[in-house]
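Presented below is the structure to which this report refers.
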Amino acid sequence: MRQLRSILLTGGAGFIGSTLVRHLLRAEGLERLIVLDKLTYAGNRGNLIGPDQDPRFGFVEGDIVDRELTASLLHEHRITGVFNLAAESHVERSLDSTSTFLHSNVIGTSHLVETCRAAAVPLLQCSTDEVYGSVSPPERFVEIRPLNPTTPYAASKAAADFFCLAATRCHEQDIVITRSSNNYGPRQHTEKLIPSLVHAAFHDQPVPIHGDGMQIRDWMHVDDHCRGMITAFLRGHAGAVYLLGGQCERTNLGIARSVLEILAKPSSLITHVADRPGNDRRYAVDFSKAVAGLSWRPQHRFRASFPLVVREIAANLHRQGAA
Ligand SMILES: NC(=O)c1ccc[n+]([C@@H]2O[C@H](COP(=O)([O-])OP(=O)(O)OC[C@H]3O[C@@H](n4cnc5c(N)ncnc54)[C@H](O)[C@@H]3O)[C@@H](O)[C@H]2O)c1
């Protein structure tokens, strides 16, 4: 049985990682939580202010590619589980250059798989529904759907998943993979869709929408994602993949309109710009395997939670402006 007693979390200074830190520190039986993060442009040590005062918390600046470092952390802290969230995560950056995506997402994950195997430590690999490419209605992604990544980011995440799955087959290694839909929540980098929309609207600037804006994403609150990963770590089968989704399909245009409405800004700020290469039309997740196998389902209601997140991002911008 897997245990949360002493956890190594990679990428903990990022958006989802910093939320997972808060969930893990509340989890029953947790005695030690080590965050390993390279602090790339996307990592922010400030995201960990508060939790870093907990005596069970430790922070190490470093790269998941560094096998000596990860092996020594597993040994020194008698780690009972690794959650791998460290990754280059921005699709648009992957269109310009793929080397950091190969480094962190592919080589980093495969090195971590080897280190975990040598130490017999279970690994939770955090992946994405984007590995499947696009899906037309009324279909939704199911775990066994063939992978069809359409961007370098998704290709690197799919490659990481294959290294994990190969290790479970060849070595019976204890790895569980979760594939989540798009997340919304606090502490997300401003380059991502929702914070960038809020940023533009807050400053009364044009709110850019790629193409016709009818691309559909299945939005899930980051808290639901974090609960899902912890549950998958505790209850998931070794070698299994679990899709996690928010049951909340929205077009990008619809998201932009909601942001403007919440911030009481005119919809005339919306400005259509050229579509992104490889921009998938629709992501939609069937998470019934997680319901049946993990007793997990999303709890947040978009209508109630989304305005809170938008207002929190705007309030941070207000504070920054006042500082
Ligand atoms: N954001 C989403 O909606 C979403 C959805 C599904 C899956 N995911 C996955 O969740 C994970 C976290 O995503 P996020 O949105 O929080 O990303 P993020 O960019 O906010 O955070 C990534 C963190 O990883 C760190 N990092 C990058 N490369 C590293 C390396 N080589 N070694 C150590 N640390 C490194 C960064 O410094 C950063 O703190 C990623 O694996 C991503 O693919 C994200």
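Ligands are numbered from 1 in the order shown, chains are lettered A, B, ... in the order of the structure tokens, and residues start at 1 in each chain.
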Could you make a table, as JSON lines, of the residues of chain A that have an atom within 8 Å of an atom of ligand 1, each with its nearest atom pair and distance in Å to one decimal, counting only C-alpha atoms and all ligand atoms, in chain and number order?
```
{"residue": "A:Thr10", "atom": "CA", "partner": "ligand 1", "partner_atom_place_in_ligand_line": "34 (N)", "distance": 5.8}
{"residue": "A:Gly11", "atom": "CA", "partner": "ligand 1", "partner_atom_place_in_ligand_line": "24 (O)", "distance": 3.5}
{"residue": "A:Gly12", "atom": "CA", "partner": "ligand 1", "partner_atom_place_in_ligand_line": "39 (O)", "distance": 5.7}
{"residue": "A:Ala13", "atom": "CA", "partner": "ligand 1", "partner_atom_place_in_ligand_line": "39 (O)", "distance": 4.0}
{"residue": "A:Gly14", "atom": "CA", "partner": "ligand 1", "partner_atom_place_in_ligand_line": "21 (O)", "distance": 3.4}
{"residue": "A:Phe15", "atom": "CA", "partner": "ligand 1", "partner_atom_place_in_ligand_line": "16 (O)", "distance": 3.7}
{"residue": "A:Ile16", "atom": "CA", "partner": "ligand 1", "partner_atom_place_in_ligand_line": "16 (O)", "distance": 3.7}
{"residue": "A:Gly17", "atom": "CA", "partner": "ligand 1", "partner_atom_place_in_ligand_line": "16 (O)", "distance": 5.4}
{"residue": "A:Ser18", "atom": "CA", "partner": "ligand 1", "partner_atom_place_in_ligand_line": "16 (O)", "distance": 7.6}
{"residue": "A:Leu36", "atom": "CA", "partner": "ligand 1", "partner_atom_place_in_ligand_line": "33 (C)", "distance": 6.0}
{"residue": "A:Asp37", "atom": "CA", "partner": "ligand 1", "partner_atom_place_in_ligand_line": "34 (N)", "distance": 3.7}
{"residue": "A:Lys38", "atom": "CA", "partner": "ligand 1", "partner_atom_place_in_ligand_line": "34 (N)", "distance": 3.9}
{"residue": "A:Leu39", "atom": "CA", "partner": "ligand 1", "partner_atom_place_in_ligand_line": "37 (O)", "distance": 3.7}
{"residue": "A:Thr40", "atom": "CA", "partner": "ligand 1", "partner_atom_place_in_ligand_line": "37 (O)", "distance": 4.0}
{"residue": "A:Tyr41", "atom": "CA", "partner": "ligand 1", "partner_atom_place_in_ligand_line": "37 (O)", "distance": 6.5}
{"residue": "A:Ala42", "atom": "CA", "partner": "ligand 1", "partner_atom_place_in_ligand_line": "19 (O)", "distance": 4.8}
{"residue": "A:Gly43", "atom": "CA", "partner": "ligand 1", "partner_atom_place_in_ligand_line": "39 (O)", "distance": 3.1}
{"residue": "A:Asn44", "atom": "CA", "partner": "ligand 1", "partner_atom_place_in_ligand_line": "39 (O)", "distance": 6.2}
{"residue": "A:Glu61", "atom": "CA", "partner": "ligand 1", "partner_atom_place_in_ligand_line": "33 (C)", "distance": 7.7}
{"residue": "A:Gly62", "atom": "CA", "partner": "ligand 1", "partner_atom_place_in_ligand_line": "33 (C)", "distance": 5.8}
{"residue": "A:Asp63", "atom": "CA", "partner": "ligand 1", "partner_atom_place_in_ligand_line": "32 (N)", "distance": 3.5}
{"residue": "A:Ile64", "atom": "CA", "partner": "ligand 1", "partner_atom_place_in_ligand_line": "32 (N)", "distance": 4.1}
{"residue": "A:Val65", "atom": "CA", "partner": "ligand 1", "partner_atom_place_in_ligand_line": "31 (N)", "distance": 5.9}
{"residue": "A:Asn84", "atom": "CA", "partner": "ligand 1", "partner_atom_place_in_ligand_line": "41 (O)", "distance": 7.0}
{"residue": "A:Leu85", "atom": "CA", "partner": "ligand 1", "partner_atom_place_in_ligand_line": "41 (O)", "distance": 4.2}
{"residue": "A:Ala86", "atom": "CA", "partner": "ligand 1", "partner_atom_place_in_ligand_line": "24 (O)", "distance": 3.6}
{"residue": "A:Ala87", "atom": "CA", "partner": "ligand 1", "partner_atom_place_in_ligand_line": "27 (C)", "distance": 4.2}
{"residue": "A:Glu88", "atom": "CA", "partner": "ligand 1", "partner_atom_place_in_ligand_line": "27 (C)", "distance": 5.1}
{"residue": "A:Ser89", "atom": "CA", "partner": "ligand 1", "partner_atom_place_in_ligand_line": "19 (O)", "distance": 4.7}
{"residue": "A:His90", "atom": "CA", "partner": "ligand 1", "partner_atom_place_in_ligand_line": "19 (O)", "distance": 6.7}
{"residue": "A:Thr100", "atom": "CA", "partner": "ligand 1", "partner_atom_place_in_ligand_line": "28 (N)", "distance": 7.9}
{"residue": "A:His103", "atom": "CA", "partner": "ligand 1", "partner_atom_place_in_ligand_line": "31 (N)", "distance": 6.7}
{"residue": "A:Ser104", "atom": "CA", "partner": "ligand 1", "partner_atom_place_in_ligand_line": "31 (N)", "distance": 4.0}
{"residue": "A:Asn105", "atom": "CA", "partner": "ligand 1", "partner_atom_place_in_ligand_line": "31 (N)", "distance": 7.3}
{"residue": "A:Gly108", "atom": "CA", "partner": "ligand 1", "partner_atom_place_in_ligand_line": "31 (N)", "distance": 5.9}
{"residue": "A:Gln125", "atom": "CA", "partner": "ligand 1", "partner_atom_place_in_ligand_line": "41 (O)", "distance": 7.9}
{"residue": "A:Cys126", "atom": "CA", "partner": "ligand 1", "partner_atom_place_in_ligand_line": "41 (O)", "distance": 5.3}
{"residue": "A:Ser127", "atom": "CA", "partner": "ligand 1", "partner_atom_place_in_ligand_line": "7 (C)", "distance": 4.9}
{"residue": "A:Thr128", "atom": "CA", "partner": "ligand 1", "partner_atom_place_in_ligand_line": "6 (C)", "distance": 4.0}
{"residue": "A:Asp129", "atom": "CA", "partner": "ligand 1", "partner_atom_place_in_ligand_line": "6 (C)", "distance": 6.5}
{"residue": "A:Glu130", "atom": "CA", "partner": "ligand 1", "partner_atom_place_in_ligand_line": "6 (C)", "distance": 7.7}
{"residue": "A:Lys157", "atom": "CA", "partner": "ligand 1", "partner_atom_place_in_ligand_line": "43 (O)", "distance": 6.6}
{"residue": "A:Arg179", "atom": "CA", "partner": "ligand 1", "partner_atom_place_in_ligand_line": "6 (C)", "distance": 6.4}
{"residue": "A:Ser180", "atom": "CA", "partner": "ligand 1", "partner_atom_place_in_ligand_line": "6 (C)", "distance": 4.4}
{"residue": "A:Ser181", "atom": "CA", "partner": "ligand 1", "partner_atom_place_in_ligand_line": "5 (C)", "distance": 5.2}
{"residue": "A:Asn182", "atom": "CA", "partner": "ligand 1", "partner_atom_place_in_ligand_line": "3 (O)", "distance": 3.6}
{"residue": "A:Asn183", "atom": "CA", "partner": "ligand 1", "partner_atom_place_in_ligand_line": "3 (O)", "distance": 3.8}
{"residue": "A:Tyr184", "atom": "CA", "partner": "ligand 1", "partner_atom_place_in_ligand_line": "3 (O)", "distance": 6.7}
{"residue": "A:Gln188", "atom": "CA", "partner": "ligand 1", "partner_atom_place_in_ligand_line": "20 (O)", "distance": 6.0}
{"residue": "A:His189", "atom": "CA", "partner": "ligand 1", "partner_atom_place_in_ligand_line": "20 (O)", "distance": 6.0}
{"residue": "A:Val222", "atom": "CA", "partner": "ligand 1", "partner_atom_place_in_ligand_line": "3 (O)", "distance": 7.9}
```
Do you know which residues are at most 12 Å from Asp174 of chain A counting only C-alpha atoms, after dropping those on the same chain fewer than 5 positions away, and could you put them as a PDB file with N, CA and C atoms, in the first residue's frame?
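Once written, result37.pdb looks like this:
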```pdb
ATOM      1  N   MET A   1       0.829  -1.204   0.000  1.00  0.00           N
ATOM      2  CA  MET A   1       0.000   0.000   0.000  1.00  0.00           C
ATOM      3  C   MET A   1       0.869   1.262   0.000  1.00  0.00           C
ATOM      4  N   ARG A   2       0.513   2.199  -0.872  1.00  0.00           N
ATOM      5  CA  ARG A   2       1.316   3.436  -0.940  1.00  0.00           C
ATOM      6  C   ARG A   2       1.003   4.332   0.266  1.00  0.00           C
ATOM      7  N   THR A  80       8.424   8.163   0.496  1.00  0.00           N
ATOM      8  CA  THR A  80       7.478   7.052   0.283  1.00  0.00           C
ATOM      9  C   THR A  80       6.645   7.247  -0.996  1.00  0.00           C
ATOM     10  N   GLY A  81       6.843   8.386  -1.659  1.00  0.00           N
ATOM     11  CA  GLY A  81       6.114   8.606  -2.913  1.00  0.00           C
ATOM     12  C   GLY A  81       6.590   9.875  -3.589  1.00  0.00           C
ATOM     13  N   VAL A  82       6.610   9.840  -4.937  1.00  0.00           N
ATOM     14  CA  VAL A  82       7.000  11.023  -5.715  1.00  0.00           C
ATOM     15  C   VAL A  82       5.814  11.447  -6.566  1.00  0.00           C
ATOM     16  N   VAL A 113      11.835   8.309 -13.442  1.00  0.00           N
ATOM     17  CA  VAL A 113      11.328   6.927 -13.459  1.00  0.00           C
ATOM     18  C   VAL A 113      12.446   5.966 -13.028  1.00  0.00           C
ATOM     19  N   GLU A 114      13.640   6.172 -13.582  1.00  0.00           N
ATOM     20  CA  GLU A 114      14.775   5.288 -13.235  1.00  0.00           C
ATOM     21  C   GLU A 114      15.155   5.421 -11.756  1.00  0.00           C
ATOM     22  N   CYS A 116      13.273   6.415  -9.259  1.00  0.00           N
ATOM     23  CA  CYS A 116      12.222   5.823  -8.414  1.00  0.00           C
ATOM     24  C   CYS A 116      12.325   4.294  -8.436  1.00  0.00           C
ATOM     25  N   ARG A 117      12.634   3.770  -9.620  1.00  0.00           N
ATOM     26  CA  ARG A 117      12.729   2.299  -9.726  1.00  0.00           C
ATOM     27  C   ARG A 117      13.872   1.778  -8.859  1.00  0.00           C
ATOM     28  N   ALA A 118      15.024   2.448  -8.935  1.00  0.00           N
ATOM     29  CA  ALA A 118      16.198   1.995  -8.160  1.00  0.00           C
ATOM     30  C   ALA A 118      15.897   2.019  -6.662  1.00  0.00           C
ATOM     31  N   ALA A 119      15.071   2.969  -6.232  1.00  0.00           N
ATOM     32  CA  ALA A 119      14.783   3.111  -4.796  1.00  0.00           C
ATOM     33  C   ALA A 119      13.461   2.444  -4.408  1.00  0.00           C
ATOM     34  N   ALA A 120      12.795   1.816  -5.382  1.00  0.00           N
ATOM     35  CA  ALA A 120      11.490   1.168  -5.150  1.00  0.00           C
ATOM     36  C   ALA A 120      10.485   2.134  -4.521  1.00  0.00           C
ATOM     37  N   VAL A 121      10.422   3.334  -5.085  1.00  0.00           N
ATOM     38  CA  VAL A 121       9.482   4.354  -4.592  1.00  0.00           C
ATOM     39  C   VAL A 121       8.392   4.558  -5.640  1.00  0.00           C
ATOM     40  N   PRO A 122       7.109   4.530  -5.261  1.00  0.00           N
ATOM     41  CA  PRO A 122       6.034   4.750  -6.232  1.00  0.00           C
ATOM     42  C   PRO A 122       6.003   6.179  -6.784  1.00  0.00           C
ATOM     43  N   LEU A 123       5.565   6.286  -8.025  1.00  0.00           N
ATOM     44  CA  LEU A 123       5.561   7.569  -8.727  1.00  0.00           C
ATOM     45  C   LEU A 123       4.155   7.874  -9.240  1.00  0.00           C
ATOM     46  N   LEU A 124       3.717   9.113  -8.998  1.00  0.00           N
ATOM     47  CA  LEU A 124       2.478   9.609  -9.616  1.00  0.00           C
ATOM     48  C   LEU A 124       2.913  10.570 -10.713  1.00  0.00           C
ATOM     49  N   GLN A 125       2.623  10.253 -11.958  1.00  0.00           N
ATOM     50  CA  GLN A 125       2.984  11.108 -13.079  1.00  0.00           C
ATOM     51  C   GLN A 125       1.773  11.957 -13.473  1.00  0.00           C
ATOM     52  N   CYS A 164       6.801   6.106 -18.784  1.00  0.00           N
ATOM     53  CA  CYS A 164       6.220   5.591 -17.531  1.00  0.00           C
ATOM     54  C   CYS A 164       5.555   4.241 -17.782  1.00  0.00           C
ATOM     55  N   LEU A 165       4.749   4.180 -18.832  1.00  0.00           N
ATOM     56  CA  LEU A 165       4.013   2.938 -19.106  1.00  0.00           C
ATOM     57  C   LEU A 165       4.978   1.796 -19.453  1.00  0.00           C
ATOM     58  N   ALA A 166       6.038   2.116 -20.199  1.00  0.00           N
ATOM     59  CA  ALA A 166       7.023   1.078 -20.544  1.00  0.00           C
ATOM     60  C   ALA A 166       7.649   0.515 -19.274  1.00  0.00           C
ATOM     61  N   ALA A 167       7.938   1.396 -18.313  1.00  0.00           N
ATOM     62  CA  ALA A 167       8.554   0.926 -17.060  1.00  0.00           C
ATOM     63  C   ALA A 167       7.596   0.041 -16.263  1.00  0.00           C
ATOM     64  N   THR A 168       6.296   0.346 -16.346  1.00  0.00           N
ATOM     65  CA  THR A 168       5.342  -0.510 -15.624  1.00  0.00           C
ATOM     66  C   THR A 168       5.258  -1.884 -16.294  1.00  0.00           C
ATOM     67  N   ARG A 169       5.421  -1.926 -17.619  1.00  0.00           N
ATOM     68  CA  ARG A 169       5.349  -3.214 -18.326  1.00  0.00           C
ATOM     69  C   ARG A 169       6.642  -4.010 -18.153  1.00  0.00           C
ATOM     70  N   PHE A 233      -2.903   8.398  -6.289  1.00  0.00           N
ATOM     71  CA  PHE A 233      -1.686   7.871  -5.661  1.00  0.00           C
ATOM     72  C   PHE A 233      -2.049   6.831  -4.598  1.00  0.00           C
ATOM     73  N   LEU A 234      -3.075   7.121  -3.818  1.00  0.00           N
ATOM     74  CA  LEU A 234      -3.423   6.214  -2.708  1.00  0.00           C
ATOM     75  C   LEU A 234      -4.171   4.973  -3.180  1.00  0.00           C
ATOM     76  N   GLY A 236      -4.964   4.163  -6.799  1.00  0.00           N
ATOM     77  CA  GLY A 236      -4.864   3.760  -8.206  1.00  0.00           C
ATOM     78  C   GLY A 236      -4.062   2.479  -8.389  1.00  0.00           C
ATOM     79  N   HIS A 237      -4.367   1.771  -9.471  1.00  0.00           N
ATOM     80  CA  HIS A 237      -3.618   0.552  -9.800  1.00  0.00           C
ATOM     81  C   HIS A 237      -2.285   0.923 -10.437  1.00  0.00           C
ATOM     82  N   ALA A 238      -1.236   0.179 -10.107  1.00  0.00           N
ATOM     83  CA  ALA A 238       0.056   0.397 -10.769  1.00  0.00           C
ATOM     84  C   ALA A 238      -0.129   0.162 -12.267  1.00  0.00           C
ATOM     85  N   GLY A 239       0.412   1.058 -13.060  1.00  0.00           N
ATOM     86  CA  GLY A 239       0.322   0.921 -14.516  1.00  0.00           C
ATOM     87  C   GLY A 239      -0.953   1.476 -15.106  1.00  0.00           C
ATOM     88  N   ALA A 240      -1.829   2.006 -14.243  1.00  0.00           N
ATOM     89  CA  ALA A 240      -3.114   2.512 -14.743  1.00  0.00           C
ATOM     90  C   ALA A 240      -3.026   3.999 -15.087  1.00  0.00           C
TER      91      ALA A 240
END
```
#### Entry: Best match for closeness to Phe141 of chain A among A:Asp286, A:Glu68, A:Glu191, A:Glu312, counting only C-alpha atoms
A:Asp286
### Query
atom CA of Met220 of chain A and atom CA of Gly245 of chain A are how many Å apart?
6.0 Å
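Close contacts of Arg235 of chain A, defined as residues with an atom at most 10 Å away when counting only C-alpha atoms, with chain neighbours fewer than 3 positions off set aside, comprise Met1, Arg2, Val176, Met229, Ile230, Thr231, Ala232, Ala238, Gly293, Leu294 and Ser295 of chain A.
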